[in-house]
>>> print(open('coords29.tsv').read())   # TSV, C-alpha atoms (C1' of nucleotides)
chain	number	residue	atom	x	y	z
A	27	MET	CA	21.49	-1.90	-17.11
A	28	VAL	CA	18.67	-2.57	-14.69
A	29	THR	CA	18.16	-5.86	-12.84
A	30	ILE	CA	14.61	-6.92	-12.01
A	31	THR	CA	14.14	-7.91	-8.37
A	32	ASN	CA	10.37	-8.06	-8.05
A	33	VAL	CA	7.40	-8.05	-10.39
A	34	VAL	CA	3.80	-7.60	-9.25
A	35	GLY	CA	0.85	-8.62	-11.42
A	36	SER	CA	-2.88	-8.90	-10.94
A	37	GLY	CA	-5.89	-10.47	-12.62
A	38	THR	CA	-9.47	-11.50	-12.02
A	39	LEU	CA	-11.21	-14.86	-12.22
A	40	GLY	CA	-14.59	-13.20	-12.62
A	41	LEU	CA	-16.30	-15.25	-9.94
A	42	GLU	CA	-16.88	-15.16	-6.19
A	43	LEU	CA	-14.69	-17.50	-4.21
A	44	ASP	CA	-14.80	-19.18	-0.82
A	45	VAL	CA	-11.15	-18.49	-0.07
A	46	GLU	CA	-11.20	-20.62	3.09
A	47	GLN	CA	-12.36	-23.64	1.08
A	48	LEU	CA	-10.04	-22.83	-1.79
A	49	GLY	CA	-7.08	-22.85	0.54
A	50	ALA	CA	-8.02	-26.33	1.72
A	51	ASP	CA	-8.67	-27.68	-1.78
A	52	LEU	CA	-5.65	-26.35	-3.67
A	53	ASP	CA	-2.86	-28.84	-4.32
A	54	VAL	CA	0.03	-26.54	-3.40
A	55	PRO	CA	2.79	-26.69	-0.73
A	56	TYR	CA	1.58	-23.57	1.12
A	57	THR	CA	-1.66	-21.76	1.78
A	58	GLU	CA	-2.59	-19.46	4.64
A	59	HIS	CA	-5.85	-17.78	5.48
A	60	ASP	CA	-6.14	-15.87	8.74
A	61	PRO	CA	-9.06	-13.44	8.46
A	62	GLU	CA	-8.18	-12.04	11.89
A	63	ASN	CA	-4.92	-10.87	10.42
A	64	TYR	CA	-5.78	-10.33	6.74
A	65	HIS	CA	-8.75	-11.22	4.60
A	66	GLY	CA	-6.81	-12.45	1.55
A	67	LEU	CA	-5.78	-16.07	0.97
A	68	TYR	CA	-2.02	-16.50	0.64
A	69	VAL	CA	-0.88	-19.19	-1.79
A	70	ARG	CA	2.60	-20.35	-2.77
A	71	LEU	CA	3.18	-22.78	-5.62
A	72	GLU	CA	6.70	-23.45	-4.34
A	73	GLU	CA	8.13	-23.13	-0.82
A	74	ASP	CA	10.13	-19.99	-1.61
A	75	GLY	CA	8.35	-18.98	-4.77
A	76	PRO	CA	6.19	-15.94	-5.53
A	77	LEU	CA	3.24	-15.19	-3.26
A	78	ILE	CA	-0.29	-15.23	-4.69
A	79	ILE	CA	-2.96	-13.36	-2.76
A	80	VAL	CA	-6.51	-14.40	-3.64
A	81	TYR	CA	-9.61	-12.40	-2.69
A	82	ARG	CA	-13.22	-13.34	-2.21
A	83	SER	CA	-14.11	-11.25	-5.28
A	84	GLY	CA	-12.05	-13.56	-7.49
A	85	LYS	CA	-9.33	-11.00	-7.98
A	86	TYR	CA	-5.75	-12.03	-7.28
A	87	ILE	CA	-2.25	-10.59	-7.03
A	88	ILE	CA	1.07	-12.31	-7.67
A	89	THR	CA	4.10	-10.72	-6.06
A	90	GLY	CA	7.68	-11.72	-5.41
A	91	SER	CA	8.58	-12.88	-8.94
A	92	SER	CA	12.13	-12.07	-10.02
A	93	SER	CA	11.31	-11.96	-13.72
A	94	LEU	CA	8.40	-11.49	-16.12
A	95	ASP	CA	8.75	-15.13	-17.20
A	96	GLU	CA	8.49	-16.33	-13.61
A	97	LEU	CA	5.43	-14.16	-13.09
A	98	GLU	CA	3.68	-15.54	-16.19
A	99	GLU	CA	4.63	-19.10	-15.34
A	100	SER	CA	3.26	-18.66	-11.81
A	101	ASN	CA	0.04	-17.31	-13.27
A	102	ASP	CA	-0.29	-20.26	-15.69
A	103	VAL	CA	0.40	-22.86	-13.00
A	104	PHE	CA	-2.00	-21.16	-10.59
A	105	LEU	CA	-4.81	-21.11	-13.17
A	106	ASN	CA	-4.15	-24.77	-14.03
A	107	LYS	CA	-4.36	-25.71	-10.34
A	108	LEU	CA	-7.65	-23.83	-10.08
A	109	SER	CA	-9.15	-25.39	-13.20
A	110	ALA	CA	-8.33	-28.83	-11.78
A	111	LEU	CA	-10.76	-28.16	-8.93
A	112	ASN	CA	-14.43	-29.05	-9.21
A	113	GLY	CA	-16.80	-26.12	-9.45
A	114	ILE	CA	-14.30	-23.55	-10.66
A	115	ASP	CA	-14.51	-22.45	-14.28
A	116	ILE	CA	-11.53	-20.35	-15.22
A	117	PRO	CA	-12.36	-17.68	-17.83
A	118	GLU	CA	-10.25	-17.57	-21.03
A	119	GLU	CA	-9.30	-13.98	-20.27
A	120	THR	CA	-8.34	-13.10	-16.70
A	121	GLY	CA	-7.03	-9.67	-17.59
A	122	PHE	CA	-3.78	-10.58	-15.90
A	123	SER	CA	-1.18	-7.85	-16.30
A	124	VAL	CA	1.99	-6.48	-14.76
A	125	GLN	CA	1.31	-3.67	-12.31
A	126	ASN	CA	4.70	-2.90	-10.84
A	127	VAL	CA	8.28	-3.73	-11.79
A	128	VAL	CA	10.90	-3.20	-9.09
A	129	SER	CA	14.51	-3.21	-10.22
A	130	THR	CA	18.00	-2.12	-9.22
A	131	ALA	CA	20.69	-0.31	-11.18
A	132	GLU	CA	24.01	1.46	-10.63
A	133	LEU	CA	25.33	4.82	-11.82
A	134	GLY	CA	28.85	3.50	-11.38
A	135	MET	CA	30.04	6.42	-9.26
A	136	ASP	CA	29.44	8.13	-5.94
A	137	VAL	CA	27.05	11.08	-5.94
A	138	ASN	CA	26.42	14.04	-3.65
A	139	LEU	CA	22.72	13.60	-2.92
A	140	ASN	CA	22.34	17.08	-1.43
A	141	ALA	CA	23.69	18.74	-4.55
A	142	LEU	CA	21.79	16.36	-6.81
A	143	SER	CA	18.44	17.08	-5.18
A	144	ILE	CA	18.94	20.76	-6.07
A	145	GLY	CA	20.21	19.97	-9.55
A	146	LEU	CA	17.32	17.67	-10.38
A	147	GLY	CA	14.82	20.12	-8.94
A	148	LEU	CA	13.38	20.24	-5.45
A	149	GLU	CA	9.86	19.76	-6.88
A	150	SER	CA	10.71	16.28	-8.19
A	151	THR	CA	13.00	15.06	-5.41
A	152	GLU	CA	12.81	14.28	-1.72
A	153	TYR	CA	15.95	13.91	0.35
A	154	GLU	CA	15.82	13.68	4.12
A	155	PRO	CA	18.92	11.72	5.21
A	156	GLU	CA	17.85	11.70	8.86
A	157	GLN	CA	14.69	9.91	7.79
A	158	PHE	CA	15.96	7.77	4.93
A	159	PRO	CA	19.47	7.65	3.38
A	160	GLY	CA	18.23	7.56	-0.20
A	161	LEU	CA	17.11	10.38	-2.47
A	162	VAL	CA	13.61	9.88	-3.86
A	163	TYR	CA	13.33	11.04	-7.46
A	164	ARG	CA	10.01	11.26	-9.33
A	165	PRO	CA	10.72	12.05	-12.98
A	166	GLU	CA	7.77	13.86	-14.61
A	167	GLU	CA	8.27	12.01	-17.89
A	168	TYR	CA	8.01	8.47	-16.49
A	169	THR	CA	5.62	6.45	-14.37
A	170	ALA	CA	8.30	5.34	-11.95
A	171	VAL	CA	10.03	6.40	-8.77
A	172	ILE	CA	13.78	6.07	-8.27
A	173	LEU	CA	15.52	5.74	-4.93
A	174	LEU	CA	19.13	6.80	-5.37
A	175	PHE	CA	21.90	6.27	-2.82
A	176	ALA	CA	25.21	8.05	-2.26
A	177	ASN	CA	27.22	5.13	-3.66
A	178	GLY	CA	25.37	5.39	-6.97
A	179	LYS	CA	23.13	2.38	-6.45
A	180	ALA	CA	19.46	2.83	-7.23
A	181	VAL	CA	16.10	1.16	-6.87
A	182	ILE	CA	13.49	1.80	-9.57
A	183	THR	CA	9.92	1.05	-8.50
A	184	GLY	CA	6.40	1.80	-9.63
A	185	ALA	CA	7.21	1.12	-13.30
A	186	PRO	CA	4.49	-0.67	-15.31
A	187	THR	CA	7.05	-2.28	-17.65
A	188	VAL	CA	10.76	-3.11	-17.74
A	189	ASP	CA	11.16	-0.60	-20.58
A	190	VAL	CA	9.76	2.21	-18.46
A	191	ALA	CA	12.11	1.28	-15.61
A	192	THR	CA	15.07	1.24	-18.03
A	193	ASP	CA	14.10	4.51	-19.68
A	194	ALA	CA	13.55	6.22	-16.33
A	195	PHE	CA	16.99	5.16	-15.10
A	196	ASP	CA	18.66	6.17	-18.40
A	197	HIS	CA	16.96	9.54	-18.04
A	198	LEU	CA	18.32	9.93	-14.50
A	199	GLN	CA	21.79	8.89	-15.63
A	200	SER	CA	21.88	11.47	-18.43
A	201	ARG	CA	20.64	14.17	-16.08
A	202	VAL	CA	23.31	13.29	-13.51
A	203	ASN	CA	25.98	13.39	-16.23
A	204	SER	CA	24.76	16.77	-17.44
A	205	LEU	CA	25.09	18.15	-13.92
A	206	LEU	CA	28.70	17.04	-13.49
B	14	DA	C1'	-39.30	30.30	15.33
B	15	DG	C1'	-34.51	30.15	15.95
B	16	DC	C1'	-30.51	28.48	17.96
B	17	DG	C1'	-27.36	25.10	20.03
B	18	DC	C1'	-26.33	20.57	21.25
B	19	DT	C1'	-26.32	15.56	20.72
B	20	DA	C1'	-26.94	11.34	18.16
B	21	DC	C1'	-26.82	8.88	14.22
B	22	DA	C1'	-26.18	7.80	9.22
B	23	DG	C1'	-23.58	8.14	5.35
B	24	DT	C1'	-19.36	9.12	2.93
B	25	DG	C1'	-14.43	9.56	2.52
B	26	DT	C1'	-9.76	8.53	3.88
B	27	DT	C1'	-6.21	5.74	5.70
B	28	DA	C1'	-3.88	1.62	7.44
B	29	DC	C1'	-3.26	-3.01	7.09
B	30	DG	C1'	-0.61	-7.02	4.84
B	31	DT	C1'	2.64	-8.93	0.95
B	32	DT	C1'	7.03	-8.53	-2.16
B	33	DA	C1'	11.75	-6.77	-3.57
B	34	DA	C1'	15.88	-3.71	-3.50
B	35	DA	C1'	18.93	-0.04	-1.56
B	36	DG	C1'	21.99	2.19	2.98
B	37	DG	C1'	21.77	4.46	7.53
B	38	DT	C1'	20.44	4.06	12.24
B	39	DC	C1'	19.01	1.83	16.16
B	40	DT	C1'	18.41	-1.99	19.54
B	41	DC	C1'	19.86	-6.31	21.39
C	25	DG	C1'	27.47	-8.55	14.43
C	26	DA	C1'	22.72	-9.60	13.54
C	27	DG	C1'	18.34	-8.11	12.79
C	28	DA	C1'	14.58	-4.71	12.54
C	29	DC	C1'	13.06	-0.54	10.81
C	30	DC	C1'	12.93	3.43	7.81
C	31	DT	C1'	11.41	4.70	2.30
C	32	DT	C1'	9.16	3.73	-2.39
C	33	DT	C1'	5.62	1.22	-5.57
C	34	DA	C1'	1.58	-1.58	-7.33
C	35	DA	C1'	-2.50	-4.61	-6.69
C	36	DC	C1'	-6.52	-5.96	-3.48
C	37	DG	C1'	-10.77	-5.89	0.38
C	38	DT	C1'	-11.70	-4.89	5.01
C	39	DA	C1'	-11.66	-2.35	9.21
C	40	DA	C1'	-11.12	1.66	11.68
C	41	DC	C1'	-11.24	5.95	11.81
C	42	DA	C1'	-12.41	11.11	10.49
C	43	DC	C1'	-15.53	14.04	8.67
C	44	DT	C1'	-19.96	15.87	6.92
C	45	DG	C1'	-24.86	16.15	6.83
C	46	DT	C1'	-29.30	15.41	8.81
C	47	DA	C1'	-32.69	14.66	12.45
C	48	DG	C1'	-34.45	15.29	16.88
C	49	DC	C1'	-34.61	17.41	21.18
C	50	DG	C1'	-34.53	21.16	24.62
C	51	DC	C1'	-34.09	25.89	25.75
C	52	DT	C1'	-34.79	30.80	24.97
>>> encode(input="coords29.tsv", output="structure tokens")
Amino acid sequence: MVTITNVVGSGTLGLELDVEQLGADLDVPYTEHDPENYHGLYVRLEEDGPLIIVYRSGKYIITGSSSLDELEESNDVFLNKLSALNGIDIPEETGFSVQNVVSTAELGMDVNLNALSIGLGLESTEYEPEQFPGLVYRPEEYTAVILLFANGKAVITGAPTVDVATDAFDHLQSRVNSLL
DNA sequence: AGCGCTACAGTGTTACGTTAAAGGTCTC
DNA sequence: GAGACCTTTAACGTAACACTGTAGCGCT
């Protein structure tokens, strides 16, 4: 059972944007553009909602959503806000898609990370407790990276879908069980 | 002519910043 | 005790580097 904590998606509007002007025109509670610090325009549709980063090229990223539904809703609302502005024609297809699903899960038991790194294979794991307390596991079969901690809690990141994250964790769980 | 050095142009790589979670370590 | 930092991942464009290749110059 994995719990989604963050979903990152991206799309493109297919047109060049004046992000400084866009930040001033958008009817949203928060925008920030500080080219000295970063060249992207930061937009929030709600005070503590997901963050949208808009680039001059028309490409944009939405990060900080806690579910796929929230991500899609944020995308819809953002596009509606843009289409309400004069001079911006939103294309029917923005190519918006999920790029990264970050989630947490639990094995339900303590694990010896030193022993596990050997059992899983040194070529697919990294464990340096003096640097970071978690074991980094990169399963060959899945596009995801799992951070596993001694208490059995895990973070799955880099997965393109929730299914991949779930499958990757199930795979880890079965491998851990087979090593017991 | 051939070699070595410097200067510059062009290309390639990396860091930045954002988001979330986890647990250990460190500073205040 | 609270908070910051460490690690991982994806997207993105820009800036700052590192590196390579070429041109020009001076010396032998």
>>> atom_distance(input="coords29.tsv", atom1="atom C1' of B:DG37", atom2="atom CA of A:Val34")
27.4 Å
>>> residues_around(input="coords29.tsv", residues="C:DA40", least_positions_apart="2", cutoff="10 Å", atoms="all atoms listed in the file", output="mmCIF file with C-alpha atoms (C1' of nucleotides), keeping the file's coordinate frame")
data_model
loop_
_atom_site.group_PDB
_atom_site.id
_atom_site.type_symbol
_atom_site.label_atom_id
_atom_site.label_comp_id
_atom_site.auth_asym_id
_atom_site.auth_seq_id
_atom_site.Cartn_x
_atom_site.Cartn_y
_atom_site.Cartn_z
ATOM 1 C "C1'" DT B 27 -6.210 5.740 5.700
ATOM 2 C "C1'" DA B 28 -3.880 1.620 7.440
ATOM 3 C "C1'" DT C 38 -11.700 -4.890 5.010
ATOM 4 C "C1'" DA C 42 -12.410 11.110 10.490
#
>>> closest_atom_pairs(input="coords29.tsv", of="chain C", to="chain A", cutoff="9 Å", atoms="all atoms listed in the file", output="JSON lines")
{"residue": "C:DC30", "atom": "C1'", "partner": "A:Phe158", "partner_atom": "CA", "distance": 6.0}
{"residue": "C:DT31", "atom": "C1'", "partner": "A:Phe158", "partner_atom": "CA", "distance": 6.1}
{"residue": "C:DT32", "atom": "C1'", "partner": "A:Thr183", "partner_atom": "CA", "distance": 6.7}
{"residue": "C:DT33", "atom": "C1'", "partner": "A:Gly184", "partner_atom": "CA", "distance": 4.2}
{"residue": "C:DA34", "atom": "C1'", "partner": "A:Asn126", "partner_atom": "CA", "distance": 4.9}
{"residue": "C:DA35", "atom": "C1'", "partner": "A:Ile87", "partner_atom": "CA", "distance": 6.0}
{"residue": "C:DC36", "atom": "C1'", "partner": "A:Tyr81", "partner_atom": "CA", "distance": 7.2}
{"residue": "C:DG37", "atom": "C1'", "partner": "A:His65", "partner_atom": "CA", "distance": 7.1}
{"residue": "C:DT38", "atom": "C1'", "partner": "A:His65", "partner_atom": "CA", "distance": 7.0}
>>> interface_residues(input="coords29.tsv", of="chain B", to="chain A", cutoff="10 Å", atoms="only C-alpha atoms (C1' of nucleotides)", output="NGL selection string")
:B and (29-38)
>>> atom_distance(input="coords29.tsv", atom1="atom CA of A:Gly84", atom2="atom CA of A:Thr120")
9.9 Å
>>> residues_around(input="coords29.tsv", residues="A:Pro55", least_positions_apart="2", cutoff="7 Å", atoms="all atoms listed in the file", output="list in words")
Arg70, Leu71, Glu72 and Glu73 of chain A
>>> residues_near_point(input="coords29.tsv", point="(-16.2, -19.4, -11.7)", cutoff="12 Å", atoms="all atoms listed in the file", output="NGL selection string")
:A and (38-44 or 82-85 or 105 or 108-109 or 111-118 or 120)
>>> decode(input="coords29.tsv", residues="stretch 23-38 of chain B", atoms="N, CA and C atoms (P, O5', C5', C4', C3', O3' and C1' of nucleotides)", output="compact mmCIF listing (two decimals), in the first residue's frame")
# COMPACT_ATOMS: atom_id res chain seq x y z
P DG B 23 31.67 31.32 -32.25
O5' DG B 23 31.45 29.81 -31.79
C5' DG B 23 32.13 28.76 -32.47
C4' DG B 23 32.10 27.49 -31.63
C3' DG B 23 30.71 27.08 -31.14
O3' DG B 23 30.33 25.86 -31.79
C1' DG B 23 32.36 26.92 -29.41
P DT B 24 28.89 25.23 -31.58
O5' DT B 24 29.17 24.14 -30.43
C5' DT B 24 30.20 23.17 -30.63
C4' DT B 24 30.46 22.41 -29.33
C3' DT B 24 29.22 21.79 -28.67
O3' DT B 24 29.40 20.38 -28.58
C1' DT B 24 30.54 22.94 -27.07
P DG B 25 28.22 19.43 -28.11
O5' DG B 25 28.57 19.18 -26.56
C5' DG B 25 29.87 18.67 -26.22
C4' DG B 25 30.04 18.66 -24.72
C3' DG B 25 28.84 18.08 -23.95
O3' DG B 25 29.31 17.08 -23.05
C1' DG B 25 29.43 20.22 -23.07
P DT B 26 28.31 16.17 -22.24
O5' DT B 26 28.41 16.80 -20.79
C5' DT B 26 29.69 16.93 -20.17
C4' DT B 26 29.58 17.76 -18.90
C3' DT B 26 28.49 17.30 -17.93
O3' DT B 26 29.10 16.99 -16.69
C1' DT B 26 28.42 19.66 -18.23
P DT B 27 28.30 16.27 -15.54
O5' DT B 27 27.94 17.48 -14.57
C5' DT B 27 28.98 18.34 -14.12
C4' DT B 27 28.40 19.57 -13.44
C3' DT B 27 27.27 19.26 -12.45
O3' DT B 27 27.63 19.78 -11.19
C1' DT B 27 26.66 21.04 -13.90
P DA B 28 26.82 19.42 -9.90
O5' DA B 28 26.16 20.83 -9.53
C5' DA B 28 27.00 21.98 -9.45
C4' DA B 28 26.14 23.23 -9.36
C3' DA B 28 24.98 23.13 -8.36
O3' DA B 28 24.99 24.27 -7.52
C1' DA B 28 24.16 23.77 -10.50
P DC B 29 24.08 24.30 -6.25
O5' DC B 29 22.87 25.22 -6.72
C5' DC B 29 23.14 26.53 -7.23
C4' DC B 29 21.93 27.04 -7.97
C3' DC B 29 20.63 26.92 -7.18
O3' DC B 29 20.25 28.22 -6.72
C1' DC B 29 20.37 26.35 -9.50
P DG B 30 19.61 28.33 -5.25
O5' DG B 30 18.06 28.08 -5.57
C5' DG B 30 17.32 29.05 -6.29
C4' DG B 30 16.05 28.43 -6.78
C3' DG B 30 15.28 27.67 -5.69
O3' DG B 30 14.13 28.40 -5.35
C1' DG B 30 15.37 26.47 -7.76
P DT B 31 13.37 27.95 -4.01
O5' DT B 31 12.29 26.89 -4.51
C5' DT B 31 11.26 27.29 -5.41
C4' DT B 31 10.45 26.09 -5.81
C3' DT B 31 10.08 25.20 -4.62
O3' DT B 31 8.75 25.47 -4.24
C1' DT B 31 10.72 23.94 -6.58
P DT B 32 8.29 25.06 -2.75
O5' DT B 32 7.87 23.53 -2.87
C5' DT B 32 6.76 23.16 -3.71
C4' DT B 32 6.69 21.67 -3.82
C3' DT B 32 6.95 20.97 -2.49
O3' DT B 32 5.72 20.79 -1.83
C1' DT B 32 8.00 19.84 -4.36
P DA B 33 5.72 20.69 -0.22
O5' DA B 33 5.84 19.11 0.03
C5' DA B 33 4.81 18.25 -0.43
C4' DA B 33 5.35 16.84 -0.50
C3' DA B 33 6.07 16.43 0.78
O3' DA B 33 5.12 15.93 1.72
C1' DA B 33 7.28 15.74 -1.19
P DA B 34 5.50 15.91 3.27
O5' DA B 34 6.19 14.48 3.41
C5' DA B 34 5.46 13.29 3.09
C4' DA B 34 6.44 12.14 2.89
C3' DA B 34 7.38 11.99 4.09
O3' DA B 34 6.79 11.08 5.02
C1' DA B 34 8.59 11.92 1.99
P DA B 35 7.20 11.16 6.56
O5' DA B 35 8.51 10.25 6.61
C5' DA B 35 8.44 8.88 6.21
C4' DA B 35 9.85 8.38 5.95
C3' DA B 35 10.77 8.63 7.15
O3' DA B 35 10.76 7.49 7.98
C1' DA B 35 11.80 9.32 5.07
P DG B 36 10.90 7.65 9.57
O5' DG B 36 12.47 7.79 9.75
C5' DG B 36 13.30 6.69 9.40
C4' DG B 36 14.75 7.05 9.64
C3' DG B 36 15.06 7.47 11.09
O3' DG B 36 16.35 6.97 11.40
C1' DG B 36 15.58 9.25 9.62
P DG B 37 16.93 6.99 12.89
O5' DG B 37 18.30 7.77 12.68
C5' DG B 37 19.25 7.23 11.76
C4' DG B 37 20.34 8.25 11.48
C3' DG B 37 20.98 8.83 12.74
O3' DG B 37 22.40 8.78 12.57
C1' DG B 37 20.17 10.60 11.34
P DT B 38 23.37 9.12 13.81
O5' DT B 38 23.77 10.64 13.50
C5' DT B 38 24.36 10.95 12.24
C4' DT B 38 24.51 12.46 12.09
C3' DT B 38 25.10 13.17 13.32
O3' DT B 38 26.22 13.91 12.91
C1' DT B 38 23.17 14.30 12.52
